[in-house]
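Data from query-v5.cif: mmCIF, C-alpha atoms, pLDDT in the B column; chains and numbers go by the auth columns
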data_data
loop_
_atom_site.group_PDB
_atom_site.id
_atom_site.type_symbol
_atom_site.label_atom_id
_atom_site.label_comp_id
_atom_site.label_asym_id
_atom_site.label_seq_id
_atom_site.Cartn_x
_atom_site.Cartn_y
_atom_site.Cartn_z
_atom_site.B_iso_or_equiv
_atom_site.auth_seq_id
_atom_site.auth_asym_id
ATOM 1 C CA MET A 1 0.000 0.000 0.000 91.00 25 H
ATOM 2 C CA VAL A 2 1.290 3.445 -1.005 89.00 26 H
ATOM 3 C CA GLU A 3 -0.285 6.101 1.222 87.00 27 H
ATOM 4 C CA ASP A 4 1.324 9.160 2.832 83.00 28 H
ATOM 5 C CA ASP A 5 -1.533 9.975 5.243 86.00 29 H
ATOM 6 C CA ALA A 6 -0.596 8.094 8.405 88.00 30 H
ATOM 7 C CA SER A 7 -4.135 7.985 9.794 89.00 31 H
ATOM 8 C CA VAL A 8 -5.540 6.616 6.529 88.00 32 H
ATOM 9 C CA SER A 9 -2.790 4.006 6.086 88.00 33 H
ATOM 10 C CA THR A 10 -3.137 2.844 9.716 91.00 34 H
ATOM 11 C CA MET A 11 -6.902 2.471 9.419 92.00 35 H
ATOM 12 C CA LEU A 12 -6.823 0.753 6.034 90.00 36 H
ATOM 13 C CA ARG A 13 -3.964 -1.536 7.004 91.00 37 H
ATOM 14 C CA ARG A 14 -5.939 -2.661 10.062 91.00 38 H
ATOM 15 C CA HIS A 15 -8.931 -3.611 7.904 92.00 39 H
ATOM 16 C CA LEU A 16 -6.755 -5.401 5.350 90.00 40 H
ATOM 17 C CA VAL A 17 -4.951 -7.431 8.021 88.00 41 H
ATOM 18 C CA ARG A 18 -8.295 -8.435 9.511 87.00 42 H
ATOM 19 C CA ALA A 19 -9.308 -9.622 6.041 85.00 43 H
ATOM 20 C CA GLY A 20 -6.253 -11.894 5.960 81.00 44 H
ATOM 21 C CA PHE A 21 -3.813 -9.805 3.938 85.00 45 H
ATOM 22 C CA GLU A 22 -0.194 -9.147 4.788 84.00 46 H
ATOM 23 C CA VAL A 23 0.452 -5.446 4.198 88.00 47 H
ATOM 24 C CA LEU A 24 3.614 -3.457 3.521 88.00 48 H
ATOM 25 C CA VAL A 25 3.232 0.337 3.576 90.00 49 H
ATOM 26 C CA ALA A 26 5.239 3.032 1.803 87.00 50 H
ATOM 27 C CA ALA A 27 4.640 6.767 2.264 84.00 51 H
ATOM 28 C CA LYS A 28 7.104 8.130 -0.304 83.00 52 H
ATOM 29 C CA VAL A 29 7.599 7.611 -4.021 84.00 53 H
ATOM 30 C CA GLN A 30 11.092 6.136 -3.781 84.00 54 H
ATOM 31 C CA ASP A 31 10.107 3.835 -0.907 86.00 55 H
ATOM 32 C CA ALA A 32 7.146 2.599 -2.937 85.00 56 H
ATOM 33 C CA ILE A 33 9.344 1.844 -5.954 84.00 57 H
ATOM 34 C CA ARG A 34 11.870 0.056 -3.736 85.00 58 H
ATOM 35 C CA LEU A 35 9.192 -2.096 -2.095 83.00 59 H
ATOM 36 C CA ALA A 36 7.674 -2.976 -5.458 80.00 60 H
ATOM 37 C CA THR A 37 11.115 -4.086 -6.638 77.00 61 H
ATOM 38 C CA GLU A 38 12.064 -6.063 -3.541 78.00 62 H
ATOM 39 C CA SER A 39 8.809 -7.650 -2.389 75.00 63 H
ATOM 40 C CA SER A 40 7.061 -8.841 -5.600 73.00 64 H
ATOM 41 C CA PRO A 41 3.640 -7.651 -4.346 81.00 65 H
ATOM 42 C CA SER A 42 0.475 -9.590 -5.087 80.00 66 H
ATOM 43 C CA VAL A 43 -1.613 -6.401 -5.243 87.00 67 H
ATOM 44 C CA VAL A 44 -0.698 -2.681 -5.076 89.00 68 H
ATOM 45 C CA VAL A 45 -3.080 -0.160 -3.480 92.00 69 H
ATOM 46 C CA LEU A 46 -1.809 3.230 -4.651 88.00 70 H
ATOM 47 C CA ASP A 47 -2.858 6.693 -3.465 87.00 71 H
ATOM 48 C CA LEU A 48 -2.525 9.041 -6.415 81.00 72 H
ATOM 49 C CA ALA A 49 -1.682 12.205 -4.418 77.00 73 H
ATOM 50 C CA LEU A 50 1.617 11.816 -2.542 77.00 74 H
ATOM 51 C CA ALA A 51 3.359 14.611 -0.657 69.00 75 H
ATOM 52 C CA ASP A 52 6.701 14.041 -2.403 69.00 76 H
ATOM 53 C CA GLY A 53 5.487 13.241 -5.908 70.00 77 H
ATOM 54 C CA ASP A 54 2.856 11.913 -8.269 76.00 78 H
ATOM 55 C CA GLY A 55 1.435 8.436 -7.719 77.00 79 H
ATOM 56 C CA ALA A 56 1.260 8.086 -11.500 83.00 80 H
ATOM 57 C CA VAL A 57 5.069 7.852 -11.492 82.00 81 H
ATOM 58 C CA VAL A 58 4.845 4.914 -9.077 82.00 82 H
ATOM 59 C CA CYS A 59 2.264 3.220 -11.308 86.00 83 H
ATOM 60 C CA GLN A 60 4.516 3.564 -14.331 84.00 84 H
ATOM 61 C CA ARG A 61 7.620 2.304 -12.532 84.00 85 H
ATOM 62 C CA ILE A 62 5.757 -0.715 -11.145 82.00 86 H
ATOM 63 C CA ARG A 63 4.831 -1.730 -14.684 82.00 87 H
ATOM 64 C CA GLU A 64 8.471 -1.342 -15.752 81.00 88 H
ATOM 65 C CA THR A 65 9.798 -3.517 -12.895 75.00 89 H
ATOM 66 C CA SER A 66 10.001 -7.275 -13.494 69.00 90 H
ATOM 67 C CA ALA A 67 9.245 -8.180 -9.865 67.00 91 H
ATOM 68 C CA SER A 68 5.950 -6.271 -9.859 72.00 92 H
ATOM 69 C CA ARG A 69 5.016 -6.053 -13.543 73.00 93 H
ATOM 70 C CA ASP A 70 2.048 -8.424 -13.241 73.00 94 H
ATOM 71 C CA ALA A 71 0.722 -7.153 -9.891 80.00 95 H
ATOM 72 C CA PRO A 72 -2.789 -5.648 -10.118 85.00 96 H
ATOM 73 C CA ILE A 73 -2.809 -1.932 -9.223 88.00 97 H
ATOM 74 C CA LEU A 74 -5.781 -0.348 -7.460 91.00 98 H
ATOM 75 C CA VAL A 75 -5.579 3.465 -7.512 90.00 99 H
ATOM 76 C CA LEU A 76 -7.215 5.580 -4.779 88.00 100 H
ATOM 77 C CA SER A 77 -7.840 9.240 -5.555 87.00 101 H
ATOM 78 C CA ALA A 78 -10.103 12.152 -4.651 85.00 102 H
ATOM 79 C CA ARG A 79 -10.021 13.131 -8.338 84.00 103 H
ATOM 80 C CA ASP A 80 -12.995 11.902 -10.346 84.00 104 H
ATOM 81 C CA GLU A 81 -12.126 13.334 -13.764 83.00 105 H
ATOM 82 C CA THR A 82 -12.390 10.971 -16.718 82.00 106 H
ATOM 83 C CA GLY A 83 -9.074 12.221 -18.090 81.00 107 H
ATOM 84 C CA THR A 84 -7.229 11.312 -14.894 81.00 108 H
ATOM 85 C CA LYS A 85 -8.705 7.827 -14.898 84.00 109 H
ATOM 86 C CA LEU A 86 -7.814 7.252 -18.537 82.00 110 H
ATOM 87 C CA GLN A 87 -4.247 8.392 -17.895 81.00 111 H
ATOM 88 C CA LEU A 88 -3.843 5.940 -15.025 83.00 112 H
ATOM 89 C CA PHE A 89 -5.345 3.069 -17.014 83.00 113 H
ATOM 90 C CA ALA A 90 -2.947 3.877 -19.852 80.00 114 H
ATOM 91 C CA LEU A 91 -0.044 3.684 -17.381 80.00 115 H
ATOM 92 C CA GLY A 92 -1.135 0.229 -16.231 81.00 116 H
ATOM 93 C CA ALA A 93 -3.664 0.694 -13.415 85.00 117 H
ATOM 94 C CA ASP A 94 -6.282 -2.065 -13.188 84.00 118 H
ATOM 95 C CA ASP A 95 -8.937 -0.335 -11.090 87.00 119 H
ATOM 96 C CA TYR A 96 -9.717 3.155 -9.758 88.00 120 H
ATOM 97 C CA VAL A 97 -11.672 4.096 -6.609 88.00 121 H
ATOM 98 C CA VAL A 98 -12.719 7.656 -5.808 87.00 122 H
ATOM 99 C CA LYS A 99 -12.152 8.755 -2.206 84.00 123 H
ATOM 100 C CA PRO A 100 -13.705 8.909 0.281 83.00 124 H
ATOM 101 C CA CYS A 101 -14.620 5.230 0.167 84.00 125 H
ATOM 102 C CA GLU A 102 -15.329 2.416 2.599 88.00 126 H
ATOM 103 C CA PRO A 103 -12.579 -0.112 3.486 89.00 127 H
ATOM 104 C CA SER A 104 -15.058 -2.872 2.610 89.00 128 H
ATOM 105 C CA GLU A 105 -15.213 -1.590 -0.988 88.00 129 H
ATOM 106 C CA ILE A 106 -11.423 -1.567 -1.268 90.00 130 H
ATOM 107 C CA ILE A 107 -11.222 -5.123 0.073 90.00 131 H
ATOM 108 C CA ALA A 108 -13.917 -6.272 -2.353 87.00 132 H
ATOM 109 C CA ARG A 109 -12.082 -4.655 -5.264 87.00 133 H
ATOM 110 C CA ILE A 110 -8.820 -6.332 -4.223 88.00 134 H
ATOM 111 C CA HIS A 111 -10.509 -9.738 -4.171 84.00 135 H
ATOM 112 C CA ALA A 112 -11.968 -9.036 -7.633 79.00 136 H
ATOM 113 C CA LEU A 113 -8.507 -8.156 -8.982 82.00 137 H
ATOM 114 C CA VAL A 114 -7.052 -11.345 -7.524 76.00 138 H
ATOM 115 C CA ARG A 115 -9.787 -13.482 -9.113 68.00 139 H
ATOM 116 C CA ARG A 116 -8.678 -12.245 -12.529 63.00 140 H
ATOM 117 C CA ARG A 117 -5.561 -14.383 -12.123 62.00 141 H
ATOM 118 C CA VAL A 118 -7.622 -17.355 -13.304 60.00 142 H
ATOM 119 C CA ASP A 119 -6.951 -17.919 -17.001 61.00 143 H
ATOM 120 C CA PRO A 120 -9.532 -19.218 -19.527 57.00 144 H
ATOM 121 C CA ARG A 121 -8.421 -22.806 -18.895 67.00 145 H
ATOM 122 C CA GLY A 122 -9.342 -22.567 -15.212 71.00 146 H
ATOM 123 C CA MET A 123 -5.720 -22.344 -14.099 80.00 147 H
ATOM 124 C CA LEU A 124 -4.961 -20.115 -11.130 82.00 148 H
ATOM 125 C CA ARG A 125 -1.447 -18.640 -10.826 82.00 149 H
ATOM 126 C CA VAL A 126 0.556 -17.952 -7.684 83.00 150 H
ATOM 127 C CA GLY A 127 4.023 -16.878 -8.819 79.00 151 H
ATOM 128 C CA PRO A 128 5.596 -19.884 -10.594 84.00 152 H
ATOM 129 C CA LEU A 129 2.793 -22.185 -9.389 89.00 153 H
ATOM 130 C CA ARG A 130 -0.226 -23.035 -11.565 88.00 154 H
ATOM 131 C CA VAL A 131 -3.188 -24.881 -10.050 91.00 155 H
ATOM 132 C CA GLY A 132 -6.228 -26.280 -11.859 87.00 156 H
ATOM 133 C CA LEU A 133 -9.278 -25.240 -9.852 80.00 157 H
ATOM 134 C CA GLU A 134 -11.392 -28.171 -11.034 80.00 158 H
ATOM 135 C CA THR A 135 -8.821 -30.988 -10.968 85.00 159 H
ATOM 136 C CA GLY A 136 -6.198 -29.838 -8.460 89.00 160 H
ATOM 137 C CA ASP A 137 -3.456 -30.592 -10.987 92.00 161 H
ATOM 138 C CA ALA A 138 -0.479 -28.350 -10.255 94.00 162 H
ATOM 139 C CA TRP A 139 2.768 -27.309 -11.894 93.00 163 H
ATOM 140 C CA ILE A 140 5.860 -25.374 -10.839 91.00 164 H
ATOM 141 C CA GLN A 141 6.881 -23.796 -14.151 83.00 165 H
ATOM 142 C CA ASP A 142 6.694 -26.865 -16.452 85.00 166 H
ATOM 143 C CA ARG A 143 7.116 -29.556 -13.768 91.00 167 H
ATOM 144 C CA GLN A 144 3.889 -31.227 -12.674 93.00 168 H
ATOM 145 C CA LEU A 145 3.506 -32.110 -9.002 95.00 169 H
ATOM 146 C CA ASP A 146 2.529 -35.675 -8.075 95.00 170 H
ATOM 147 C CA LEU A 147 -0.215 -35.007 -5.517 94.00 171 H
ATOM 148 C CA THR A 148 -2.654 -37.101 -3.512 92.00 172 H
ATOM 149 C CA ALA A 149 -6.342 -36.155 -3.316 89.00 173 H
ATOM 150 C CA GLY A 150 -5.827 -34.529 0.077 90.00 174 H
ATOM 151 C CA GLU A 151 -2.823 -32.534 -1.104 92.00 175 H
ATOM 152 C CA ARG A 152 -4.768 -31.333 -4.145 92.00 176 H
ATOM 153 C CA ALA A 153 -7.680 -30.158 -2.003 90.00 177 H
ATOM 154 C CA VAL A 154 -5.408 -28.246 0.347 92.00 178 H
ATOM 155 C CA LEU A 155 -3.458 -26.643 -2.486 93.00 179 H
ATOM 156 C CA VAL A 156 -6.623 -25.516 -4.281 90.00 180 H
ATOM 157 C CA ALA A 157 -7.979 -23.995 -1.050 88.00 181 H
ATOM 158 C CA LEU A 158 -4.709 -22.125 -0.476 90.00 182 H
ATOM 159 C CA ALA A 159 -4.542 -20.901 -4.075 87.00 183 H
ATOM 160 C CA ARG A 160 -8.167 -19.725 -4.070 82.00 184 H
ATOM 161 C CA ALA A 161 -7.545 -17.590 -0.989 80.00 185 H
ATOM 162 C CA TYR A 162 -4.226 -16.104 -2.193 79.00 186 H
ATOM 163 C CA PRO A 163 -2.988 -13.517 -1.348 75.00 187 H
ATOM 164 C CA ALA A 164 -5.146 -13.703 1.787 77.00 188 H
ATOM 165 C CA LEU A 165 -4.894 -16.293 4.546 81.00 189 H
ATOM 166 C CA THR A 166 -6.712 -19.650 4.408 85.00 190 H
ATOM 167 C CA PRO A 167 -8.260 -20.264 7.858 84.00 191 H
ATOM 168 C CA ARG A 168 -7.459 -23.636 9.378 84.00 192 H
ATOM 169 C CA ALA A 169 -11.202 -24.236 9.813 82.00 193 H
ATOM 170 C CA VAL A 170 -11.623 -24.160 6.017 82.00 194 H
ATOM 171 C CA LEU A 171 -9.025 -26.907 5.599 84.00 195 H
ATOM 172 C CA GLU A 172 -10.591 -28.936 8.396 80.00 196 H
ATOM 173 C CA ARG A 173 -13.937 -28.891 6.561 74.00 197 H
ATOM 174 C CA GLN A 174 -12.543 -30.419 3.346 65.00 198 H
ATOM 175 C CA PRO A 175 -14.286 -33.695 2.338 62.00 199 H
ATOM 176 C CA TRP A 176 -11.090 -35.764 2.623 57.00 200 H
ATOM 177 C CA ARG A 177 -10.831 -34.744 6.289 53.00 201 H
ATOM 178 C CA ARG A 178 -13.928 -36.673 7.355 54.00 202 H
ATOM 179 C CA GLY A 179 -13.096 -39.890 9.142 52.00 203 H
ATOM 180 C CA ALA A 180 -9.365 -39.165 9.263 52.00 204 H
ATOM 181 C CA ALA A 181 -7.880 -40.759 12.350 49.00 205 H
ATOM 182 C CA ALA A 182 -4.932 -38.404 12.799 55.00 206 H
ATOM 183 C CA SER A 183 -5.654 -35.031 14.384 69.00 207 H
ATOM 184 C CA ASN A 184 -2.653 -33.476 12.640 83.00 208 H
ATOM 185 C CA VAL A 185 -3.655 -34.463 9.101 87.00 209 H
ATOM 186 C CA VAL A 186 -3.614 -30.830 7.910 89.00 210 H
ATOM 187 C CA GLU A 187 -0.035 -30.354 9.136 91.00 211 H
ATOM 188 C CA VAL A 188 0.999 -33.617 7.461 91.00 212 H
ATOM 189 C CA LEU A 189 -0.475 -32.581 4.104 93.00 213 H
ATOM 190 C CA ILE A 190 1.052 -29.109 4.327 94.00 214 H
ATOM 191 C CA GLY A 191 4.433 -30.700 5.060 95.00 215 H
ATOM 192 C CA ARG A 192 4.138 -32.975 2.031 95.00 216 H
ATOM 193 C CA LEU A 193 3.149 -30.065 -0.210 96.00 217 H
ATOM 194 C CA ARG A 194 6.187 -28.096 0.933 95.00 218 H
ATOM 195 C CA GLN A 195 8.456 -31.034 0.105 95.00 219 H
ATOM 196 C CA LYS A 196 6.939 -31.605 -3.329 95.00 220 H
ATOM 197 C CA ILE A 197 7.018 -27.913 -4.212 94.00 221 H
ATOM 198 C CA ALA A 198 10.686 -27.740 -3.188 93.00 222 H
ATOM 199 C CA GLY A 199 11.434 -30.862 -5.199 92.00 223 H
ATOM 200 C CA ALA A 200 9.888 -29.301 -8.307 91.00 224 H
ATOM 201 C CA GLY A 201 12.050 -26.189 -8.079 88.00 225 H
ATOM 202 C CA GLY A 202 10.466 -24.200 -5.254 85.00 226 H
ATOM 203 C CA GLY A 203 9.689 -20.522 -5.572 86.00 227 H
ATOM 204 C CA ILE A 204 6.625 -20.883 -3.335 90.00 228 H
ATOM 205 C CA GLU A 205 6.261 -20.756 0.451 91.00 229 H
ATOM 206 C CA ILE A 206 3.377 -22.104 2.551 94.00 230 H
ATOM 207 C CA ARG A 207 3.627 -20.228 5.826 91.00 231 H
ATOM 208 C CA ALA A 208 1.763 -21.136 9.014 91.00 232 H
ATOM 209 C CA VAL A 209 0.118 -18.264 10.870 86.00 233 H
ATOM 210 C CA ARG A 210 0.002 -19.462 14.460 82.00 234 H
ATOM 211 C CA GLY A 211 -3.464 -20.364 15.659 80.00 235 H
ATOM 212 C CA THR A 212 -5.095 -19.005 12.501 84.00 236 H
ATOM 213 C CA GLY A 213 -4.268 -20.798 9.269 87.00 237 H
ATOM 214 C CA TYR A 214 -1.886 -20.789 6.319 91.00 238 H
ATOM 215 C CA VAL A 215 -0.744 -18.394 3.600 88.00 239 H
ATOM 216 C CA ILE A 216 0.706 -19.429 0.233 89.00 240 H
ATOM 217 C CA ARG A 217 2.873 -16.870 -1.572 84.00 241 H
ATOM 218 C CA PRO A 218 5.697 -16.552 -4.093 81.00 242 H
ATOM 219 C CA LEU A 219 9.267 -16.506 -2.857 74.00 243 H
ATOM 220 C CA ASP A 220 11.617 -14.117 -4.642 52.00 244 H
ATOM 221 C CA LEU A 221 14.727 -16.296 -4.718 37.00 245 H
ATOM 222 C CA LYS A 222 16.943 -13.563 -6.162 35.00 246 H
ATOM 223 C CA MET A 223 16.147 -10.978 -3.502 32.00 247 H
ATOM 224 C CA GLY A 224 15.540 -13.473 -0.701 33.00 248 H
ATOM 225 C CA VAL A 225 12.312 -11.748 0.325 34.00 249 H
ATOM 226 C CA LEU A 226 8.699 -12.784 0.425 34.00 250 H
ATOM 227 C CA SER A 227 5.847 -11.110 -1.390 31.00 251 H
#
Can you turn what I pasted into C-alpha cells?
Amino acid sequence: MVEDDASVSTMLRRHLVRAGFEVLVAAKVQDAIRLATESSPSVVVLDLALADGDGAVVCQRIRETSASRDAPILVLSARDETGTKLQLFALGADDYVVKPCEPSEIIARIHALVRRRVDPRGMLRVGPLRVGLETGDAWIQDRQLDLTAGERAVLVALARAYPALTPRAVLERQPWRRGAAASNVVEVLIGRLRQKIAGAGGGIEIRAVRGTGYVIRPLDLKMGVLS
C-alpha cells in the first residue's frame, strides 16, 4: 500500500490485516518503488496524491519492474475526472476508486482483482505455481507435481484464498478430512506439499500463521524476500 496519510494508512492496514492480507506500507515515491522491486507484491493499493510526488510515477515504474510487472494496481484518488482515470489506465492501473470510500469496498475490489488471475483454462497462478481449480493438478513452471487427493484439495484452497490467509477451519472442513484418524492431518499434508514444491524447483512458500491458518505466496529467490 502506497499512502502518505498516516491515519488513513493505519486504518486501512488494520482492515486489510483483519481480512487476511499481509500489508507493507510506503509513504514516499522512492520507498514505494523500492518495495515494489524487492517484495514482488500480489496487489498494489496506490494513493494518487503523494506529498513528495505523483502516484502516476509509481504506477509507471511498477509496470516497468520485473518483480511487480504483473501485480494488479488499485488506484485511490479524490479526483474523479475521466481524463485522470484514462491516464492511469494507460499507465497500467487495473482499477480506480474515488475517495472517500469504505474499506469494505477496497477489500472487495482487491478480491476481484485477484480473481482475474484465473486464465480461460481454469488455471490459477501464484508466482511460478499453476493450479487447476477443477482438478487440483499443479505445476511449478513446467514440472507437474505428483499429488494425492488430500494434497490437491489443500493446495486448491490455499490458491483460491491467495494472497489472503486460508483459515485452518476451512481446511478442516474439506471432504477428505472426514473420518481421518490423525488429528494433525492438515499439518501432514502441508508438510508434504512443501516437500513436493521444493522438489519441483520451489519458488513458493506455505507459511503457518500461528493459531489461525496458512498463507501461500511466491518466494523471490533472487532478492531473498517474500511477497
> Leaving out Pro242 in chain H and any residue of its chain fewer than 4 positions from it, which residues lie within 9 Å of it when counting all atoms listed in the file, given as a list in words?
Replying inline: Ser64, Ser66, Val150, Gly151, Pro152, Leu153, Gly227, Ile228, Glu229, Ile230, Leu250 and Ser251 of chain H
> Taking the file as shown, what set of residues would the PyMOL selection byres ((chain H and resi 186-196) around 9) give back, as an NGL selection string?
Replying inline: :H and (41 or 43-46 or 66-67 or 135 or 138 or 150 or 177-178 or 181-185 or 197-202 or 209-210 or 233 or 235-241)
> CA of Leu59 in chain H and CA of Gly116 in chain H, how far apart in Å?
Replying inline: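 Taking CA of Gly116 in chain H as the start and CA of Leu59 in chain H as the end point, the length is 17.7 Å.
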> What is the CA of Arg133 in chain H-CA of Leu98 in chain H distance in Å, reported with one decimal?
Replying inline: 7.9 Å
> Can you list, as a ChimeraX atom specification, every protein, DNA or RNA residue that comes within 10 Å of range 157-162 of chain H when you count only C-alpha atoms, leaving out same-chain residues fewer than 2 positions away?
Replying inline: /H:142,145-149,153-155,164-181,183-184,221
